[in-house]
Amino acid sequence: MTKNLDLAAKATAFAELHTPTTPLPLANAWDVATARLVEAAGAPAVATTSAGVAWSLGAPDGDTLARDRALDLVARVAAAVSVPVTADIEGGFGADPAGVGETVAGVLAAGAVGINIEDGNRAPAEHAERLAAARAAADAAGVPLYINARVDTYLFGLGDPATRLDETLARAAAYLRAGATGVFVPGVTDPATVAELAKGIDAPLNILVGPGAPSVAELGALGVSRVSLGSWVAEAAYAVVRRATEELLSAGTYGTLAHALPYGELNDLLKG
C-alpha cells in the first residue's frame with residue numbers, strides 16, 4: 001500500500017509537468033545507463049522508447065517483444081532513477097483488453113507512473129476498450145496512471161489525407177472518454193496542423209520531434225504540452241556504432257570516437 005501511495009504522488013507530479021507554458025521535453029531512454037544520463041542532464045522525467053528497448057534486447061519494434069522482458073526493463077529503469085518514469089508499452093502487450101490490464105498492473109508493479117499505448121491499425125473502438133482496461137487496472141491499484149494514447153493516423157498515413165485531421169480529433173476524443181490522460185500524435189510537426197490538434201484536443205498534446213522540427217518553445221506556443229524524441233536518440237547512438245566500425249575497417253582511424261563520454265564519468269554515474 002505504501003508503494004502505491006508513493007506511486008500515486010509521483011504520478012500526480014508527472015501529470016503536472018504537462019503544460020504548453022513549459023512543455024515536458026523527453027529524451028527517450030532504453031536502458032539503465034541512458035536513463036541515468038537523461039536524469040543527470042536535468043530531465044524532470046524519464047520516458048522509455050519501445051523501439052530502443054526492443055532493439056537493445058534483440059527484437060524488432062512493433063509488438064514482438066515479450067511482455068515479461070519489457071516489464072523487466074521498466075523495473076530496472078524505474079529503480080535506477082528518482083524522477084517519474086513513463087513506459088512505452090507499444091500496443092499494450094496483450095491480445096485483448098484483459099491482457100492490457102495485466103500489462104498495466106505489471107507496469108505499476110515495476111514502478112512506472114505513465115504509459116504510452118498506440119492504436120496502430122486497430123479499430124478505434126477496439127483501442128478504446130483497451131484504454132478503458134488500462135484505466136481500470138490503474139484505478140484498482142489506486143494510482144492515477146498517466147495514459148498517453150497514441151494516435152497513428154499521421155504516422156502511418158491512415159485514411160484520406162483530406163479528413164485525417166478530423167479522424168485524429170475523433171479518435172482522440174474517444175480515447176479520452178475511455179480513460180486516456182493525454183494524446184500523442186506522432187508523424188506531424190507542421191505548425192498549422194499541430195495548432196489545430198492542440199486546439200481540438202481537450203487534453204495535453206504530445207508531439208514526436210526530430211531534426212527539422214520546430215523547437216520545444218515554438219511547439220509550446222502552438223499549444224503542445226509534451227515533446228518527445230522517441231527512437232531518434234537510440235538511432236543516433238547506433239549510427240555512431242556503425243560509423244566507428246566502418247571508419248576502423250576502412251581507414252583504420254578513430255575520429256568517430258572523438259566526442260565519447262569519458263569512461264570515468266559514465267562509470268561513476270552507475271555506481272549509485
# chains A, B, ... in the order shown; residues from 1 in each chain; ligands from 1

$ closest_atom_pairs --of "segment 107-136 of chain A" --to "segment 56-66 of chain A" --cutoff "12 Å" --atoms "only C-alpha atoms" --output "CSV"
residue,atom,partner,partner_atom,distance
A:Ile117,CA,A:Asp63,CA,11.0
A:Glu118,CA,A:Gly62,CA,10.2
A:Asp119,CA,A:Asp63,CA,11.6
A:Gly120,CA,A:Gly62,CA,9.5
A:Asn121,CA,A:Gly62,CA,11.4

$ write_last_selection --atoms "C-alpha atoms" --output "PDB file, in the first residue's frame"
ATOM      1  CA  ILE A 117      -0.094   2.904 -25.788  1.00  0.00           C
ATOM      2  CA  GLU A 118      -0.659   3.037 -29.536  1.00  0.00           C
ATOM      3  CA  ASP A 119      -3.659   2.285 -31.698  1.00  0.00           C
ATOM      4  CA  GLY A 120      -1.717   1.368 -34.844  1.00  0.00           C
ATOM      5  CA  ASN A 121      -4.007  -0.357 -37.306  1.00  0.00           C
TER       6      ASN A 121
END

$ select_by_dssp --residues "segment 101-270 of chain A" --states "strand (DSSP E or B)" --output "PDB file with C-alpha atoms, in the first residue's frame"
ATOM      1  CA  GLY A 114       2.868   6.580 -17.064  1.00  0.00           C
ATOM      2  CA  ILE A 115       2.424   4.626 -20.276  1.00  0.00           C
ATOM      3  CA  ASN A 116       2.314   5.207 -23.999  1.00  0.00           C
ATOM      4  CA  ILE A 117      -0.094   2.904 -25.788  1.00  0.00           C
ATOM      5  CA  GLU A 118      -0.659   3.037 -29.536  1.00  0.00           C
ATOM      6  CA  TYR A 146      -0.752   8.912 -16.977  1.00  0.00           C
ATOM      7  CA  ILE A 147      -2.118   7.168 -20.064  1.00  0.00           C
ATOM      8  CA  ASN A 148      -0.720   8.747 -23.220  1.00  0.00           C
ATOM      9  CA  ALA A 149      -2.922   7.487 -26.060  1.00  0.00           C
ATOM     10  CA  ARG A 150      -1.002   7.392 -29.321  1.00  0.00           C
ATOM     11  CA  GLY A 182      -3.183  12.792 -22.841  1.00  0.00           C
ATOM     12  CA  VAL A 183      -2.906  12.261 -26.588  1.00  0.00           C
ATOM     13  CA  PHE A 184       0.237  11.548 -28.607  1.00  0.00           C
ATOM     14  CA  LEU A 205      -0.878  17.048 -26.637  1.00  0.00           C
ATOM     15  CA  ASN A 206       2.379  15.161 -27.214  1.00  0.00           C
ATOM     16  CA  ILE A 207       4.332  15.611 -30.450  1.00  0.00           C
ATOM     17  CA  LEU A 208       7.229  13.496 -31.742  1.00  0.00           C
ATOM     18  CA  ARG A 226       4.912  17.308 -24.262  1.00  0.00           C
ATOM     19  CA  VAL A 227       7.731  16.890 -26.775  1.00  0.00           C
ATOM     20  CA  SER A 228       9.378  13.500 -27.330  1.00  0.00           C
TER      21      SER A 228
END

$ residues_around --residues "Pro214 of chain A" --least-positions-apart "4" --cutoff "10 Å" --atoms "only C-alpha atoms" --output "list of chain:residue names"
A:Thr189, A:Asp190, A:Pro191, A:Val209, A:Gly210, A:Glu218, A:Leu219, A:Gly220

$ residues_around --residues "Ala217 of chain A" --least-positions-apart "3" --cutoff "10 Å" --atoms "only C-alpha atoms" --output "list in words"
Pro20, Thr21, Thr22, Pro23, Pro214, Gly220, Ala221, Leu222, Gly223, Val224 and Val227 of chain A

$ write_last_selection --atoms "all heavy atoms" --output "PDB file, in the first residue's frame"
ATOM      1  N   PRO A  20       1.628  23.608 -21.864  1.00  0.00           N
ATOM      2  CA  PRO A  20       2.233  24.306 -23.006  1.00  0.00           C
ATOM      3  C   PRO A  20       3.073  25.517 -22.601  1.00  0.00           C
ATOM      4  O   PRO A  20       3.862  26.010 -23.402  1.00  0.00           O
ATOM      5  CB  PRO A  20       1.018  24.705 -23.851  1.00  0.00           C
ATOM      6  CG  PRO A  20      -0.136  24.713 -22.909  1.00  0.00           C
ATOM      7  CD  PRO A  20       0.164  23.644 -21.903  1.00  0.00           C
ATOM      8  N   THR A  21       2.906  25.978 -21.375  1.00  0.00           N
ATOM      9  CA  THR A  21       3.738  27.093 -20.902  1.00  0.00           C
ATOM     10  C   THR A  21       5.208  26.691 -20.911  1.00  0.00           C
ATOM     11  O   THR A  21       6.070  27.442 -21.358  1.00  0.00           O
ATOM     12  CB  THR A  21       3.314  27.509 -19.479  1.00  0.00           C
ATOM     13  OG1 THR A  21       1.921  27.813 -19.485  1.00  0.00           O
ATOM     14  CG2 THR A  21       4.103  28.716 -19.021  1.00  0.00           C
ATOM     15  N   THR A  22       5.470  25.493 -20.398  1.00  0.00           N
ATOM     16  CA  THR A  22       6.806  24.902 -20.433  1.00  0.00           C
ATOM     17  C   THR A  22       6.627  23.425 -20.770  1.00  0.00           C
ATOM     18  O   THR A  22       6.542  22.591 -19.867  1.00  0.00           O
ATOM     19  CB  THR A  22       7.540  25.058 -19.087  1.00  0.00           C
ATOM     20  OG1 THR A  22       6.708  24.551 -18.029  1.00  0.00           O
ATOM     21  CG2 THR A  22       7.867  26.499 -18.797  1.00  0.00           C
ATOM     22  N   PRO A  23       6.551  23.082 -22.045  1.00  0.00           N
ATOM     23  CA  PRO A  23       6.307  21.688 -22.436  1.00  0.00           C
ATOM     24  C   PRO A  23       7.328  20.725 -21.828  1.00  0.00           C
ATOM     25  O   PRO A  23       8.499  21.074 -21.659  1.00  0.00           O
ATOM     26  CB  PRO A  23       6.419  21.723 -23.959  1.00  0.00           C
ATOM     27  CG  PRO A  23       6.136  23.139 -24.330  1.00  0.00           C
ATOM     28  CD  PRO A  23       6.701  23.968 -23.214  1.00  0.00           C
ATOM     29  N   PRO A 214       9.991  22.001 -35.303  1.00  0.00           N
ATOM     30  CA  PRO A 214      10.009  23.240 -34.508  1.00  0.00           C
ATOM     31  C   PRO A 214      10.617  22.987 -33.126  1.00  0.00           C
ATOM     32  O   PRO A 214      10.587  21.855 -32.612  1.00  0.00           O
ATOM     33  CB  PRO A 214       8.525  23.611 -34.404  1.00  0.00           C
ATOM     34  CG  PRO A 214       7.881  22.946 -35.575  1.00  0.00           C
ATOM     35  CD  PRO A 214       8.636  21.673 -35.777  1.00  0.00           C
ATOM     36  N   GLY A 220       5.386  24.722 -27.827  1.00  0.00           N
ATOM     37  CA  GLY A 220       4.614  25.174 -26.679  1.00  0.00           C
ATOM     38  C   GLY A 220       3.710  26.335 -27.043  1.00  0.00           C
ATOM     39  O   GLY A 220       2.558  26.414 -26.604  1.00  0.00           O
ATOM     40  N   ALA A 221       4.211  27.242 -27.856  1.00  0.00           N
ATOM     41  CA  ALA A 221       3.408  28.388 -28.287  1.00  0.00           C
ATOM     42  C   ALA A 221       2.211  27.952 -29.124  1.00  0.00           C
ATOM     43  O   ALA A 221       1.198  28.655 -29.192  1.00  0.00           O
ATOM     44  CB  ALA A 221       4.275  29.357 -29.077  1.00  0.00           C
ATOM     45  N   LEU A 222       2.320  26.773 -29.750  1.00  0.00           N
ATOM     46  CA  LEU A 222       1.220  26.229 -30.539  1.00  0.00           C
ATOM     47  C   LEU A 222       0.220  25.454 -29.683  1.00  0.00           C
ATOM     48  O   LEU A 222      -0.825  25.037 -30.180  1.00  0.00           O
ATOM     49  CB  LEU A 222       1.768  25.309 -31.635  1.00  0.00           C
ATOM     50  CG  LEU A 222       2.649  25.970 -32.700  1.00  0.00           C
ATOM     51  CD1 LEU A 222       3.267  24.919 -33.603  1.00  0.00           C
ATOM     52  CD2 LEU A 222       1.851  26.972 -33.512  1.00  0.00           C
ATOM     53  N   GLY A 223       0.573  25.229 -28.401  1.00  0.00           N
ATOM     54  CA  GLY A 223      -0.321  24.518 -27.503  1.00  0.00           C
ATOM     55  C   GLY A 223       0.120  23.122 -27.125  1.00  0.00           C
ATOM     56  O   GLY A 223      -0.609  22.392 -26.445  1.00  0.00           O
ATOM     57  N   VAL A 224       1.320  22.725 -27.535  1.00  0.00           N
ATOM     58  CA  VAL A 224       1.837  21.387 -27.225  1.00  0.00           C
ATOM     59  C   VAL A 224       2.344  21.348 -25.781  1.00  0.00           C
ATOM     60  O   VAL A 224       3.018  22.258 -25.324  1.00  0.00           O
ATOM     61  CB  VAL A 224       2.975  21.014 -28.198  1.00  0.00           C
ATOM     62  CG1 VAL A 224       3.611  19.680 -27.817  1.00  0.00           C
ATOM     63  CG2 VAL A 224       2.444  20.965 -29.628  1.00  0.00           C
ATOM     64  N   VAL A 227       6.927  17.023 -25.560  1.00  0.00           N
ATOM     65  CA  VAL A 227       7.731  16.890 -26.775  1.00  0.00           C
ATOM     66  C   VAL A 227       8.688  15.717 -26.593  1.00  0.00           C
ATOM     67  O   VAL A 227       9.480  15.702 -25.649  1.00  0.00           O
ATOM     68  CB  VAL A 227       8.518  18.190 -27.042  1.00  0.00           C
ATOM     69  CG1 VAL A 227       9.377  18.041 -28.290  1.00  0.00           C
ATOM     70  CG2 VAL A 227       7.560  19.380 -27.185  1.00  0.00           C
TER      71      VAL A 227
END

$ residues_around --residues "Ala70 of chain A" --least-positions-apart "6" --cutoff "12 Å" --atoms "only C-alpha atoms" --output "PyMOL selection string"
chain A and resi 30-31+48-59+61+63-64+76-77+87-90+92-93+103-104+106-107+110

$ write_last_selection --atoms "C-alpha atoms" --output "PDB file, in the first residue's frame"
ATOM      1  CA  TRP A  30      16.207   2.384 -23.475  1.00  0.00           C
ATOM      2  CA  ASP A  31      18.298   1.011 -20.610  1.00  0.00           C
ATOM      3  CA  THR A  48      11.373   4.744 -22.499  1.00  0.00           C
ATOM      4  CA  THR A  49      11.346   4.215 -26.252  1.00  0.00           C
ATOM      5  CA  SER A  50       9.766   0.932 -27.294  1.00  0.00           C
ATOM      6  CA  ALA A  51      11.971   0.728 -30.368  1.00  0.00           C
ATOM      7  CA  GLY A  52      15.155   1.349 -28.424  1.00  0.00           C
ATOM      8  CA  VAL A  53      14.145  -1.145 -25.744  1.00  0.00           C
ATOM      9  CA  ALA A  54      13.286  -3.811 -28.291  1.00  0.00           C
ATOM     10  CA  TRP A  55      16.497  -3.288 -30.265  1.00  0.00           C
ATOM     11  CA  SER A  56      18.628  -3.435 -27.120  1.00  0.00           C
ATOM     12  CA  LEU A  57      17.012  -6.758 -26.258  1.00  0.00           C
ATOM     13  CA  GLY A  58      17.498  -8.223 -29.728  1.00  0.00           C
ATOM     14  CA  ALA A  59      13.949  -7.823 -31.023  1.00  0.00           C
ATOM     15  CA  ASP A  61       9.934  -2.897 -32.697  1.00  0.00           C
ATOM     16  CA  ASP A  63       4.594  -5.729 -30.660  1.00  0.00           C
ATOM     17  CA  THR A  64       7.125  -8.562 -30.941  1.00  0.00           C
ATOM     18  CA  ARG A  76      15.322  -1.729 -13.919  1.00  0.00           C
ATOM     19  CA  VAL A  77      14.928   1.815 -15.199  1.00  0.00           C
ATOM     20  CA  ALA A  87       6.934   3.361 -20.207  1.00  0.00           C
ATOM     21  CA  ASP A  88       6.174   2.838 -23.876  1.00  0.00           C
ATOM     22  CA  ILE A  89       4.164  -0.400 -23.931  1.00  0.00           C
ATOM     23  CA  GLU A  90       3.577  -0.413 -27.693  1.00  0.00           C
ATOM     24  CA  GLY A  92      -0.303  -2.958 -24.698  1.00  0.00           C
ATOM     25  CA  PHE A  93       1.427  -6.371 -24.779  1.00  0.00           C
ATOM     26  CA  THR A 103       0.313  -5.323 -18.527  1.00  0.00           C
ATOM     27  CA  VAL A 104      -0.647  -2.118 -16.747  1.00  0.00           C
ATOM     28  CA  GLY A 106       2.843  -5.054 -14.241  1.00  0.00           C
ATOM     29  CA  VAL A 107       3.918  -1.552 -15.224  1.00  0.00           C
ATOM     30  CA  ALA A 110       7.637  -2.157 -11.929  1.00  0.00           C
TER      31      ALA A 110
END

$ residues_around --residues "segment 258-271 of chain A" --least-positions-apart "5" --cutoff "9 Å" --atoms "only C-alpha atoms" --output "list of chain:residue names"
A:Val32, A:Ala33, A:Arg36, A:Leu37, A:Ala40, A:Ala80

$ closest_residue --among "A:His18, A:Arg69, A:Lys10, A:Arg177" --to "Pro84 of chain A" --atoms "only C-alpha atoms"
A:Lys10

$ atom_distance --atom1 "atom CA of Ala15 of chain A" --atom2 "atom CA of Gly101 of chain A"
20.5 Å

$ residues_around --residues "Ala43 of chain A" --least-positions-apart "4" --cutoff "10 Å" --atoms "only C-alpha atoms" --output "list of chain:residue names"
A:Leu24, A:Pro25, A:Leu26, A:Ala27, A:Ala35, A:Arg36, A:Leu37, A:Val38, A:Glu39, A:Val83, A:Pro84
